[in-house]
>>> print(open('final37.json').read())   # JSON, C-alpha atoms
[["chain", "number", "residue", "atom", "x", "y", "z"],
["S", 1, "MET", "CA", -9.22, -2.98, -5.52],
["S", 2, "THR", "CA", -10.41, -1.75, -8.89],
["S", 3, "ALA", "CA", -7.79, 0.24, -10.77],
["S", 4, "ARG", "CA", -9.21, 2.81, -13.17],
["S", 5, "PHE", "CA", -6.04, 2.97, -15.26],
["S", 6, "ALA", "CA", -4.08, 0.09, -16.77],
["S", 7, "PRO", "CA", -0.33, 0.04, -17.46],
["S", 8, "GLY", "CA", 0.32, 2.04, -20.62],
["S", 9, "SER", "CA", -2.61, 4.45, -20.06],
["S", 10, "ARG", "CA", -1.88, 8.11, -20.71],
["S", 11, "VAL", "CA", -2.80, 10.18, -17.66],
["S", 12, "LEU", "CA", -2.80, 13.80, -16.60],
["S", 13, "VAL", "CA", -1.91, 14.88, -13.06],
["S", 14, "LYS", "CA", -4.55, 17.30, -11.81],
["S", 15, "ASN", "CA", -3.46, 20.91, -11.79],
["S", 16, "ASP", "CA", -4.78, 21.34, -8.27],
["S", 17, "TRP", "CA", -3.15, 23.28, -5.43],
["S", 18, "PRO", "CA", -4.84, 22.35, -2.13],
["S", 19, "GLU", "CA", -2.01, 24.07, -0.25],
["S", 20, "GLU", "CA", -3.51, 27.38, -1.41],
["S", 21, "ARG", "CA", -6.80, 26.52, 0.30],
["S", 22, "GLY", "CA", -5.48, 25.69, 3.76],
["S", 23, "PRO", "CA", -3.58, 23.12, 5.80],
["S", 24, "CYS", "CA", -3.04, 19.88, 3.92],
["S", 25, "HIS", "CA", -0.68, 16.96, 3.40],
["S", 26, "ILE", "CA", -0.04, 16.04, -0.25],
["S", 27, "ARG", "CA", 2.18, 13.39, -1.78],
["S", 28, "THR", "CA", 1.92, 14.70, -5.35],
["S", 29, "PRO", "CA", 5.06, 16.73, -6.12],
["S", 30, "HIS", "CA", 4.36, 20.29, -7.24],
["S", 31, "TYR", "CA", 6.50, 19.87, -10.37],
["S", 32, "LEU", "CA", 4.03, 17.29, -11.72],
["S", 33, "ARG", "CA", 0.78, 19.19, -11.28],
["S", 34, "GLY", "CA", -0.89, 19.55, -14.68],
["S", 35, "ARG", "CA", 1.66, 17.26, -16.36],
["S", 36, "ALA", "CA", 0.98, 14.28, -18.63],
["S", 37, "GLY", "CA", 2.55, 10.89, -18.06],
["S", 38, "GLN", "CA", 2.01, 7.20, -18.64],
["S", 39, "VAL", "CA", 1.05, 4.51, -16.14],
["S", 40, "GLU", "CA", 3.98, 2.12, -15.68],
["S", 41, "ARG", "CA", 2.41, -0.22, -13.13],
["S", 42, "VAL", "CA", -0.37, -0.46, -10.56],
["S", 43, "LEU", "CA", 1.28, -0.63, -7.13],
["S", 44, "GLY", "CA", -1.72, -1.55, -5.01],
["S", 45, "ALA", "CA", -4.15, 0.26, -2.74],
["S", 46, "PHE", "CA", -3.05, 2.26, 0.29],
["S", 47, "ARG", "CA", -4.82, 4.39, 2.86],
["S", 48, "ASN", "CA", -4.99, 8.00, 1.71],
["S", 49, "PRO", "CA", -2.11, 9.88, 3.39],
["S", 50, "GLU", "CA", -4.00, 13.16, 2.96],
["S", 51, "ASP", "CA", -6.43, 11.95, 5.66],
["S", 52, "LEU", "CA", -4.02, 9.80, 7.68],
["S", 53, "ALA", "CA", -1.83, 12.86, 8.28],
["S", 54, "PHE", "CA", -4.71, 14.53, 10.12],
["S", 55, "ALA", "CA", -5.86, 11.36, 11.94],
["S", 56, "ARG", "CA", -9.07, 11.36, 9.89],
["S", 57, "PRO", "CA", -10.75, 8.14, 8.68],
["S", 58, "ALA", "CA", -8.75, 7.25, 5.56],
["S", 59, "GLU", "CA", -10.10, 5.23, 2.65],
["S", 60, "THR", "CA", -7.74, 3.21, 0.50],
["S", 61, "ARG", "CA", -6.82, 4.67, -2.87],
["S", 62, "VAL", "CA", -5.13, 2.97, -5.80],
["S", 63, "LEU", "CA", -1.48, 3.95, -6.17],
["S", 64, "TYR", "CA", 0.28, 3.99, -9.55],
["S", 65, "HIS", "CA", 3.84, 4.24, -10.74],
["S", 66, "VAL", "CA", 3.65, 6.91, -13.44],
["S", 67, "VAL", "CA", 6.48, 7.73, -15.82],
["S", 68, "PHE", "CA", 7.08, 11.27, -17.12],
["S", 69, "ASP", "CA", 9.41, 12.62, -19.78],
["S", 70, "GLN", "CA", 12.08, 14.35, -17.66],
["S", 71, "PRO", "CA", 13.27, 17.07, -20.10],
["S", 72, "GLY", "CA", 9.59, 17.87, -20.77],
["S", 73, "ILE", "CA", 9.30, 18.87, -17.11],
["S", 74, "PHE", "CA", 12.75, 20.44, -16.66],
["S", 75, "PRO", "CA", 13.57, 21.72, -20.15],
["S", 76, "ALA", "CA", 16.52, 23.88, -19.07],
["S", 77, "ASP", "CA", 18.48, 21.03, -17.48],
["S", 78, "GLY", "CA", 16.80, 17.81, -18.57],
["S", 79, "LYS", "CA", 18.23, 15.45, -21.16],
["S", 80, "ALA", "CA", 16.60, 12.93, -23.47],
["S", 81, "PRO", "CA", 15.91, 10.04, -22.99],
["S", 82, "ASP", "CA", 15.59, 10.55, -19.23],
["S", 83, "LYS", "CA", 12.42, 9.85, -17.25],
["S", 84, "LEU", "CA", 10.86, 10.56, -13.87],
["S", 85, "LEU", "CA", 9.07, 7.64, -12.21],
["S", 86, "VAL", "CA", 6.73, 8.73, -9.43],
["S", 87, "GLU", "CA", 4.04, 7.22, -7.18],
["S", 88, "ILE", "CA", 0.73, 9.02, -7.75],
["S", 89, "PHE", "CA", -2.63, 8.25, -6.14],
["S", 90, "GLU", "CA", -5.62, 7.69, -8.43],
["S", 91, "HIS", "CA", -7.60, 10.69, -7.21],
["S", 92, "TRP", "CA", -4.82, 12.91, -8.58],
["S", 93, "LEU", "CA", -5.06, 11.42, -12.09],
["S", 94, "GLU", "CA", -7.34, 12.04, -15.07],
["S", 95, "ALA", "CA", -7.39, 10.25, -18.43],
["S", 96, "ALA", "CA", -5.22, 12.19, -20.89],
["A", 1, "MET", "CA", 28.67, 22.73, 27.26],
["A", 2, "SER", "CA", 25.09, 21.69, 26.80],
["A", 3, "ASN", "CA", 23.26, 22.31, 23.51],
["A", 4, "PRO", "CA", 19.87, 23.90, 24.32],
["A", 5, "ALA", "CA", 18.30, 23.01, 20.96],
["A", 6, "ARG", "CA", 19.18, 19.35, 21.36],
["A", 7, "ALA", "CA", 18.05, 19.27, 24.97],
["A", 8, "GLU", "CA", 14.66, 20.61, 23.89],
["A", 9, "SER", "CA", 14.27, 17.99, 21.18],
["A", 10, "VAL", "CA", 15.20, 15.22, 23.60],
["A", 11, "GLU", "CA", 12.64, 16.51, 26.10],
["A", 12, "GLN", "CA", 10.00, 16.56, 23.37],
["A", 13, "LEU", "CA", 10.83, 12.97, 22.46],
["A", 14, "ASP", "CA", 10.64, 11.92, 26.11],
["A", 15, "ARG", "CA", 7.21, 13.52, 26.47],
["A", 16, "LEU", "CA", 5.98, 11.88, 23.26],
["A", 17, "VAL", "CA", 7.20, 8.43, 24.35],
["A", 18, "ALA", "CA", 5.64, 8.90, 27.80],
["A", 19, "ALA", "CA", 2.30, 9.84, 26.22],
["A", 20, "LEU", "CA", 2.36, 6.85, 23.84],
["A", 21, "LEU", "CA", 3.16, 4.49, 26.72],
["A", 22, "ALA", "CA", 0.47, 6.03, 28.93],
["A", 23, "LYS", "CA", -2.16, 5.64, 26.21],
["A", 24, "GLY", "CA", -1.08, 2.07, 25.52],
["A", 25, "VAL", "CA", -0.21, 2.80, 21.88],
["A", 26, "VAL", "CA", 3.19, 1.12, 22.24],
["A", 27, "THR", "CA", 5.07, -0.79, 24.91],
["A", 28, "GLU", "CA", 8.69, -0.33, 26.05],
["A", 29, "ALA", "CA", 9.48, -3.75, 24.57],
["A", 30, "GLU", "CA", 8.04, -2.78, 21.17],
["A", 31, "ILE", "CA", 10.10, 0.41, 21.09],
["A", 32, "ALA", "CA", 13.25, -1.52, 22.02],
["A", 33, "GLU", "CA", 12.57, -4.16, 19.33],
["A", 34, "GLN", "CA", 11.94, -1.49, 16.70],
["A", 35, "GLN", "CA", 15.18, 0.28, 17.61],
["A", 36, "ALA", "CA", 17.12, -2.98, 17.49],
["A", 37, "SER", "CA", 15.59, -3.88, 14.14],
["A", 38, "THR", "CA", 16.46, -0.45, 12.71],
["A", 39, "ASP", "CA", 20.01, -0.70, 14.05],
["A", 40, "ARG", "CA", 20.44, -4.18, 12.52],
["A", 41, "ALA", "CA", 19.48, -3.00, 9.06],
["A", 42, "SER", "CA", 22.40, -2.04, 6.82],
["A", 43, "PRO", "CA", 23.27, -1.82, 3.12],
["A", 44, "GLU", "CA", 24.73, -5.32, 3.44],
["A", 45, "ILE", "CA", 21.16, -6.65, 3.20],
["A", 46, "GLY", "CA", 20.49, -4.78, -0.03],
["A", 47, "ALA", "CA", 23.87, -5.90, -1.35],
["A", 48, "ARG", "CA", 22.97, -9.51, -0.60],
["A", 49, "ILE", "CA", 19.68, -9.16, -2.51],
["A", 50, "VAL", "CA", 21.61, -7.83, -5.52],
["A", 51, "ALA", "CA", 24.50, -10.31, -5.46],
["A", 52, "ARG", "CA", 22.10, -13.23, -5.26],
["A", 53, "ALA", "CA", 20.04, -11.79, -8.13],
["A", 54, "TRP", "CA", 23.19, -11.66, -10.26],
["A", 55, "LEU", "CA", 23.78, -15.38, -9.62],
["A", 56, "ASP", "CA", 20.31, -16.92, -9.36],
["A", 57, "PRO", "CA", 17.65, -16.21, -12.04],
["A", 58, "ALA", "CA", 14.82, -17.56, -9.87],
["A", 59, "TRP", "CA", 15.81, -15.28, -6.96],
["A", 60, "ARG", "CA", 16.10, -12.37, -9.39],
["A", 61, "ALA", "CA", 12.59, -12.96, -10.72],
["A", 62, "MET", "CA", 11.22, -13.23, -7.18],
["A", 63, "VAL", "CA", 12.77, -10.01, -5.84],
["A", 64, "LEU", "CA", 11.74, -8.06, -8.93],
["A", 65, "ARG", "CA", 8.17, -9.30, -8.49],
["A", 66, "ASN", "CA", 8.10, -8.76, -4.72],
["A", 67, "GLY", "CA", 11.04, -7.13, -2.95],
["A", 68, "THR", "CA", 9.36, -7.55, 0.44],
["A", 69, "GLU", "CA", 9.41, -11.33, -0.03],
["A", 70, "GLY", "CA", 13.11, -11.15, -0.90],
["A", 71, "ALA", "CA", 13.93, -9.16, 2.25],
["A", 72, "GLU", "CA", 11.93, -11.61, 4.37],
["A", 73, "ALA", "CA", 13.79, -14.54, 2.80],
["A", 74, "LEU", "CA", 16.98, -12.95, 4.17],
["A", 75, "GLY", "CA", 15.49, -12.79, 7.67],
["A", 76, "VAL", "CA", 14.41, -9.15, 7.65],
["A", 77, "SER", "CA", 11.17, -8.54, 9.54],
["A", 78, "MET", "CA", 8.99, -6.58, 7.09],
["A", 79, "ALA", "CA", 5.83, -6.63, 9.21],
["A", 80, "GLY", "CA", 4.54, -3.08, 9.39],
["A", 81, "ALA", "CA", 7.25, -1.85, 7.03],
["A", 82, "PRO", "CA", 6.34, -0.25, 3.70],
["A", 83, "PRO", "CA", 6.50, -2.66, 0.75],
["A", 84, "LEU", "CA", 9.91, -2.90, -0.91],
["A", 85, "GLY", "CA", 10.25, -2.52, -4.66],
["A", 86, "VAL", "CA", 13.38, -3.53, -6.59],
["A", 87, "LEU", "CA", 14.03, -1.66, -9.84],
["A", 88, "GLU", "CA", 15.95, -3.49, -12.54],
["A", 89, "ASP", "CA", 18.71, -1.71, -14.43],
["A", 90, "THR", "CA", 19.53, -2.93, -17.92],
["A", 91, "ALA", "CA", 22.25, -2.12, -20.46],
["A", 92, "LYS", "CA", 20.00, 0.75, -21.63],
["A", 93, "ARG", "CA", 18.34, 1.91, -18.38],
["A", 94, "HIS", "CA", 19.56, 3.06, -14.97],
["A", 95, "HIS", "CA", 17.49, 4.00, -11.91],
["A", 96, "LEU", "CA", 18.27, 6.61, -9.28],
["A", 97, "ILE", "CA", 16.23, 7.04, -6.07],
["A", 98, "VAL", "CA", 15.23, 10.25, -4.33],
["A", 99, "CYS", "CA", 12.42, 11.48, -2.12],
["A", 100, "THR", "CA", 11.78, 15.10, -3.08],
["A", 101, "LEU", "CA", 9.07, 15.51, -0.45],
["A", 102, "CYS", "CA", 11.02, 14.37, 2.61],
["A", 103, "SER", "CA", 13.36, 11.41, 3.05],
["A", 104, "CYS", "CA", 11.57, 8.12, 2.27],
["A", 105, "TYR", "CA", 14.33, 5.49, 2.15],
["A", 106, "PRO", "CA", 14.33, 1.67, 2.18],
["A", 107, "ARG", "CA", 15.57, 1.48, 5.77],
["A", 108, "ALA", "CA", 14.66, -2.19, 6.17],
["A", 109, "VAL", "CA", 17.34, -3.19, 3.66],
["A", 110, "LEU", "CA", 19.70, -0.17, 3.64],
["A", 111, "GLY", "CA", 19.67, 1.05, 7.24],
["A", 112, "TYR", "CA", 19.74, 4.72, 8.13],
["A", 113, "PRO", "CA", 19.83, 7.16, 5.21],
["A", 114, "PRO", "CA", 22.98, 9.24, 4.74],
["A", 115, "HIS", "CA", 22.70, 12.95, 5.45],
["A", 116, "TRP", "CA", 23.06, 13.94, 1.82],
["A", 117, "TYR", "CA", 19.98, 11.88, 0.91],
["A", 118, "LYS", "CA", 17.90, 14.18, 3.10],
["A", 119, "SER", "CA", 19.61, 17.38, 1.97],
["A", 120, "PHE", "CA", 17.71, 20.04, 0.10],
["A", 121, "SER", "CA", 20.39, 20.19, -2.59],
["A", 122, "TYR", "CA", 20.26, 16.46, -3.44],
["A", 123, "ARG", "CA", 16.47, 16.38, -3.39],
["A", 124, "SER", "CA", 16.08, 19.43, -5.60],
["A", 125, "ARG", "CA", 18.95, 18.80, -8.00],
["A", 126, "VAL", "CA", 18.57, 15.15, -8.77],
["A", 127, "VAL", "CA", 15.16, 15.44, -10.45],
["A", 128, "ARG", "CA", 16.35, 18.47, -12.42],
["A", 129, "GLU", "CA", 19.89, 17.48, -13.46],
["A", 130, "PRO", "CA", 20.51, 13.85, -12.48],
["A", 131, "ARG", "CA", 23.35, 13.40, -14.97],
["A", 132, "ALA", "CA", 25.27, 16.31, -13.50],
["A", 133, "VAL", "CA", 24.91, 14.87, -9.98],
["A", 134, "MET", "CA", 26.08, 11.41, -11.09],
["A", 135, "ALA", "CA", 29.02, 12.84, -13.05],
["A", 136, "GLU", "CA", 30.13, 14.97, -10.09],
["A", 137, "TRP", "CA", 30.09, 11.88, -7.88],
["A", 138, "GLY", "CA", 32.22, 9.86, -10.30],
["A", 139, "SER", "CA", 29.62, 7.80, -12.19],
["A", 140, "PRO", "CA", 28.86, 9.59, -15.46],
["A", 141, "VAL", "CA", 25.98, 8.04, -17.39],
["A", 142, "ALA", "CA", 26.35, 7.45, -21.14],
["A", 143, "ASP", "CA", 24.07, 9.52, -23.40],
["A", 144, "ASP", "CA", 22.25, 6.50, -24.78],
["A", 145, "ILE", "CA", 21.23, 5.18, -21.35],
["A", 146, "GLU", "CA", 17.77, 6.16, -20.12],
["A", 147, "LEU", "CA", 18.17, 7.55, -16.62],
["A", 148, "ARG", "CA", 15.03, 7.03, -14.54],
["A", 149, "VAL", "CA", 14.84, 9.25, -11.48],
["A", 150, "VAL", "CA", 12.50, 7.53, -9.04],
["A", 151, "ASP", "CA", 10.79, 10.03, -6.74],
["A", 152, "SER", "CA", 9.71, 8.02, -3.71],
["A", 153, "THR", "CA", 6.62, 9.98, -2.75],
["A", 154, "ALA", "CA", 4.21, 7.53, -1.19],
["A", 155, "ASP", "CA", 3.90, 4.01, 0.19],
["A", 156, "TYR", "CA", 6.66, 2.04, -1.50],
["A", 157, "ARG", "CA", 10.38, 2.07, -0.75],
["A", 158, "TRP", "CA", 12.73, 1.43, -3.64],
["A", 159, "MET", "CA", 16.21, 0.02, -4.22],
["A", 160, "VAL", "CA", 18.17, -0.46, -7.42],
["A", 161, "LEU", "CA", 19.26, -3.78, -8.92],
["A", 162, "PRO", "CA", 22.21, -2.62, -11.04],
["A", 163, "VAL", "CA", 23.78, -4.39, -14.00],
["A", 164, "ARG", "CA", 26.42, -6.94, -13.01],
["A", 165, "PRO", "CA", 29.84, -5.55, -13.92],
["A", 166, "ALA", "CA", 31.85, -7.28, -16.64],
["A", 167, "GLY", "CA", 34.82, -9.30, -15.46],
["A", 168, "THR", "CA", 33.03, -10.94, -12.51],
["A", 169, "ASP", "CA", 32.08, -14.22, -14.18],
["A", 170, "ASP", "CA", 33.59, -16.59, -11.63],
["A", 171, "TRP", "CA", 32.98, -14.44, -8.54],
["A", 172, "THR", "CA", 31.25, -15.73, -5.43],
["A", 173, "GLU", "CA", 28.17, -14.17, -3.87],
["A", 174, "ASP", "CA", 30.32, -12.60, -1.13],
["A", 175, "GLN", "CA", 32.73, -11.09, -3.66],
["A", 176, "LEU", "CA", 29.84, -9.70, -5.70],
["A", 177, "ALA", "CA", 28.07, -8.31, -2.63],
["A", 178, "ALA", "CA", 31.22, -6.35, -1.73],
["A", 179, "LEU", "CA", 30.79, -4.34, -4.97],
["A", 180, "VAL", "CA", 27.29, -3.23, -3.99],
["A", 181, "THR", "CA", 27.65, -0.19, -1.76],
["A", 182, "ARG", "CA", 24.90, 1.92, -0.24],
["A", 183, "ASP", "CA", 25.37, 4.49, -3.02],
["A", 184, "VAL", "CA", 25.00, 1.76, -5.66],
["A", 185, "LEU", "CA", 21.73, 0.64, -4.06],
["A", 186, "VAL", "CA", 20.39, 4.22, -4.16],
["A", 187, "GLY", "CA", 21.66, 4.50, -7.74],
["A", 188, "VAL", "CA", 23.95, 7.52, -7.33],
["A", 189, "ALA", "CA", 26.90, 5.25, -8.14],
["A", 190, "LEU", "CA", 27.49, 2.26, -10.40],
["A", 191, "PRO", "CA", 29.28, -0.88, -9.18],
["A", 192, "LYS", "CA", 33.00, -0.66, -9.84],
["A", 193, "LEU", "CA", 35.66, -3.35, -9.72],
["A", 194, "PRO", "CA", 38.52, -2.65, -7.31],
["A", 195, "ALA", "CA", 41.42, -0.99, -9.15]]
>>> encode(input="final37.json", output="C-alpha cells")
Amino acid sequence: MTARFAPGSRVLVKNDWPEERGPCHIRTPHYLRGRAGQVERVLGAFRNPEDLAFARPAETRVLYHVVFDQPGIFPADGKAPDKLLVEIFEHWLEAA
Amino acid sequence: MSNPARAESVEQLDRLVAALLAKGVVTEAEIAEQQASTDRASPEIGARIVARAWLDPAWRAMVLRNGTEGAEALGVSMAGAPPLGVLEDTAKRHHLIVCTLCSCYPRAVLGYPPHWYKSFSYRSRVVREPRAVMAEWGSPVADDIELRVVDSTADYRWMVLPVRPAGTDDWTEDQLAALVTRDVLVGVALPKLPA
C-alpha cells in the first residue's frame, strides 16, 4: 500500500457527482464534495465499495480519515471549533 | 391479524437464504454462528474496553492503536468484521459517531444499533448541529471543547473512549464500566456519576 497523502496534508474532495451519470454506489458524502480538509490519518487499504456494490472486480484503494472545519461546511448551524472527521478513499482526493 | 408487509419481507429473506445455501455461499451452521455472535454482542463489551483503558495505560495505548486487537482480547471474534477504531476524548475534544449514508455501527462491541441511530433526523441533524442534539439529550458541550462529528462512511467502525469522570479515583473496573452506556460509547452522552 502506497499512500499518496501523509497525515497533515491539505486535500480537496473532488466535486464529482457520479449519481448524475447513472447507477452508482458512493461512500463520499454529498456535503463534502468540493470541500477542503486535512488528512488526519491513513486508515489502510480496502476494496473499492463502488465496484464491490455491483459485484465487479474491486481493487484496493487507500482510505484516509480526513478532518473538515464543521462551521465552514454548515455555516448556518455550525460552531467553532467543531470538526467533521470522515473516511474518504484516495481516488476522491486531490492535493489542495 | 397478519401484517402483509412483514410477511413479504420474511418471504424475501427465506428465498435469499435458500439461494445462498443452494449456491454453497454459506452453510446453516455459519448463519447460526453469525446470529449467535451478533446476539452476544452488547454495549457491555465497549464499556469494558473503556473502563480498562481508564485503569490501565498499556491497555489504553493498545486499544487506541488497534481497537480490533482490544475487542479480540476480550474474546470477541473479529474475523470478517470491519476493523474497530477507538477515538480518544480529551479535556478539550469530544467525539460523536454517526453514519450519514446508512447505519454503520460497531456491532461487534456495541450490539444492535438503536432505532434513533438509523433515523433520518439523527443522521441529518448531527453533522449540522451536533451541539443542539447533545444539549437536547442532556449532555451540553462547553464552548471551548472541540466537538468532532465522526461520519462513519466506509470500512472502519468507531467507538468513543470518553474522559474518565472526576470523583472515580478508587473505583473498580466493574464500577467504572457501569458508567459507560451505549449512548456514551456513541458519544451522544457523557459519562455521569449516579446522583
>>> axis_aligned_box(input="final37.json", around="range 123-132 of chain A", padding_each_side="5 Å", output="lines of an AutoDock Vina configuration file")
center_x = 20.2
center_y = 16.4
center_z = -9.2
size_x = 20.1
size_y = 16.0
size_z = 21.6
>>> atom_distance(input="final37.json", atom1="CA of Tyr105 in chain A", atom2="CA of Phe120 in chain A")
15.1 Å
>>> interface_residues(input="final37.json", of="chain A", to="chain S", cutoff="12 Å", atoms="only C-alpha atoms", output="PyMOL selection string")
chain A and resi 65-66+82-85+87+92-102+104+123-133+141-158
>>> closest_residue(input="final37.json", among="S:Val62, S:Val39, S:Leu32, S:Thr2", to="Asn15 in chain S", atoms="only C-alpha atoms")
S:Leu32
>>> residues_around(input="final37.json", residues="Phe54 in chain S", least_positions_apart="6", cutoff="10 Å", atoms="only C-alpha atoms", output="VMD selection string")
chain S and resid 23 to 25
>>> atom_distance(input="final37.json", atom1="CA of Leu16 in chain A", atom2="CA of Glu28 in chain A")
12.8 Å
>>> residues_around(input="final37.json", residues="Leu185 in chain A", least_positions_apart="2", cutoff="6 Å", atoms="only C-alpha atoms", output="PyMOL selection string")
chain A and resi 159-160+182-183+187
>>> write_last_selection(input="final37.json", atoms="C-alpha atoms", output="mmCIF file, in the coordinates of the input")
data_model
loop_
_atom_site.group_PDB
_atom_site.id
_atom_site.type_symbol
_atom_site.label_atom_id
_atom_site.label_comp_id
_atom_site.auth_asym_id
_atom_site.auth_seq_id
_atom_site.Cartn_x
_atom_site.Cartn_y
_atom_site.Cartn_z
ATOM 1 C CA MET A 159 16.210 0.020 -4.220
ATOM 2 C CA VAL A 160 18.170 -0.460 -7.420
ATOM 3 C CA ARG A 182 24.900 1.920 -0.240
ATOM 4 C CA ASP A 183 25.370 4.490 -3.020
ATOM 5 C CA GLY A 187 21.660 4.500 -7.740
#
>>> residues_around(input="final37.json", residues="Arg10 in chain S", least_positions_apart="6", cutoff="9 Å", atoms="only C-alpha atoms", output="list of chain:residue names")
S:Ala36, S:Gly37, S:Gln38, S:Val39, S:Glu94, S:Ala95, S:Ala96
>>> atom_distance(input="final37.json", atom1="CA of Ser139 in chain A", atom2="CA of Val184 in chain A")
10.0 Å
>>> residues_around(input="final37.json", residues="Asp89 in chain A", least_positions_apart="6", cutoff="7 Å", atoms="all atoms listed in the file", output="PyMOL selection string")
chain A and resi 95+161-163
>>> residues_around(input="final37.json", residues="Val180 in chain A", least_positions_apart="4", cutoff="12 Å", atoms="all atoms listed in the file", output="PyMOL selection string")
chain A and resi 42-54+110+159-165+173-176+184-194
>>> closest_residue(input="final37.json", among="S:Glu50, S:Met1, S:Thr60, S:Ala55", to="Glu19 in chain S", atoms="all atoms listed in the file")
S:Glu50
